[in-house]
Structure formats: C-alpha cells, structure tokens
Amino acid sequence: MQLFLLGFGMGVVGGLLPTPLHLIAVTQMTLKRWGWATWVIIGPPTAIDVVFFLIAYFFYQFIPPSIAHYTAYGGGAALAGFGAYLMVARPGKEAEKKEYSWKLTHGNLTLATLVEASAPGTWVYWLAIAGPIIAEGQVEGYWRVLPFFAGSLIGYYGASFSSVWLMAWGAGAHKRLRQVIFFAANGLLIALGILYILRAYFVG
C-alpha cells in the first residue's frame with residue numbers, strides 16, 4: 001500500500017502540472033472535441049513512459065543495488081527542490097497566457113511530445129525515482145513494486161483528465177483556478193520528495 005500511495009501521489013503531481021500536451025488537450029476540450037482531448041492525454045504520454053521505462057530498466061541492470069539506493073536520496077531531493085523552485089520562479093506563467101494558441105496540429109503535437117520527453121522532471125522521475133524502485137524489484141521481485149507503477153498510472157491519468165477539464169471549465173472568469181492547481185501540485189511535489197527520502201532511509 002505504501003508503494004501504491006507513493007506512486008499515486010507522484011502520478012497526481014505529473015497529471016496536475018501543466019504541460020504543452022495538457023494545453024493542447026484543453027483547447028480540444030473547449031471545442032468539445034472530447035475524443036481528441038482524450039487521445040492527446042493518453043497517447044503521447046504512454047509512448048514516452050514506455051520508452052523511459054525501458055531505458056530505466058536496462059540502465060539499472062548494470063547499476064549495483066547499493067548505488068541505486070543512494071540514487072533514491074538524490075531523486076527525493078530533486079523532487080522537493082524542483083517543487084520549491086517552481087513555486088518561487090513560476091516559469092509556466094508565460095505559457096499560461098498563451099495556452100489557447102496550442103491547436104491540434106502535427107507540428108504542435110510533435111513539439112509538445114518532445115518538450116515533455118526532454119523535460120528535466122521526466123528524466124529525474126524515471127532515472128532517480130522510478131529507477132531505484134525498478135532496482136528494488138530486481139532484488140525483491142517485480143510483483144512487490146508493481147503497486148508503485150499501477151498507482152502512478154491511475155494518479156497520472158486521473159489527475160490529467162481532471163486538471164484539463166478544470167482548466168477548460170475555468171477559462172475566463174475562473175483563471176485563478178489554474179494558480180490553485182499549480183501551487184497544489186508543487187506543494188505535493190515537495191511533500192513527496194521528503195517522503196521518498198524517508199522511505200529510502202528506512203528501506204535501506
């Protein structure tokens with residue numbers, strides 16, 4: 001249950017933080033194109049996750065469990081630091097102003113997918129958070145760590161659909177809603193980073 005809740009929380013954070021793919025989905029949802037919005041939320045992120053899962057899996061085949069354990073400390077610190085940085089710097093503020101210019105075109109979708117795949121948060125999650133969990137599964141059995149990834153998927157897609165719907169519904173008179181989502185996600189990111197460090201300490 002602990003791993004499920006940890007994975008679920010991290011999935012929720014990933015689903016709440018606005019990305020170019022989310023902004024394309026928001027545009028489609030405001031146009032009542034529910035099918036396209038659903039595909040944008042599910043299709044490209046799933047492809048990214050499959051690629052990064054394979055990278056992390058094969059990478060940690062060559063990393064000793066002791067090193068993977070210490071990598072978890074760095075991953076937790078990176079999560080907490082990234083959440084704190086985003087809350088202070090708010091780098092997505094300019095993107096929020098332009099969010100409804102993200103139309104569903106081949107070029108925009110490709111660009112949005114590449115942006116999400118190359119984002120530091122994606123690499124930190126897979127190599128410093130999910131990676132040590134995968135390494136733990138190599139030692140103790142993959143069935144033991146499966147709840148983490150199940151929780152991540154449920155949390156991510158549930159939060160993605162919810163946040164995109166709320167941003168589409170909250171356009172215009174409810175723009176402050178996006179700020180609430182932003183700060184809630186980054187506050188949760190800081191808390192999860194601390195919890196992940198504590199788990200690495202007690203598990204190790």
# chains A, B, ... in the order shown; residues from 1 in each chain; ligands from 1
>>> residues_around(residues="Leu114 of chain A", least_positions_apart="4", cutoff="12 Å", atoms="only C-alpha atoms", output="JSON, numbers by chain")
{"A": [19, 20, 21, 44, 45, 47, 48, 107, 108, 109, 110, 118, 119, 120, 122]}
>>> closest_atom_pairs(of="segment 28-78 of chain A", to="segment 188-199 of chain A", cutoff="9 Å", atoms="only C-alpha atoms", output="tab-separated table")
residue	atom	partner	partner_atom	distance
A:Ala72	CA	A:Ile197	CA	6.9
A:Tyr73	CA	A:Ile197	CA	5.3
A:Gly74	CA	A:Ile197	CA	8.2
A:Gly75	CA	A:Gly193	CA	7.5
A:Gly76	CA	A:Gly193	CA	4.2
A:Ala77	CA	A:Gly193	CA	6.0
A:Ala78	CA	A:Gly193	CA	7.3
>>> residues_around(residues="Gly155 of chain A", least_positions_apart="3", cutoff="12 Å", atoms="only C-alpha atoms", output="PyMOL selection string")
chain A and resi 4-16+147-152+158-163
>>> closest_residue(among="A:Pro132, A:Phe52, A:Ala112, A:Ile42", to="Ala68 of chain A", atoms="only C-alpha atoms")
A:Pro132
>>> closest_residue(among="A:Val40, A:Leu31, A:Val26, A:Leu86", to="His106 of chain A", atoms="only C-alpha atoms")
A:Val40
>>> select_by_dssp(residues="segment 18-156 of chain A", states="alpha helix (DSSP H)", output="VMD selection string")
chain A and resid 20 to 30 34 to 59 65 to 89 93 to 97 106 to 118 120 to 124 131 to 140 142 to 156
>>> atom_distance(atom1="atom CA of Val88 of chain A", atom2="atom CA of Thr113 of chain A")
25.8 Å
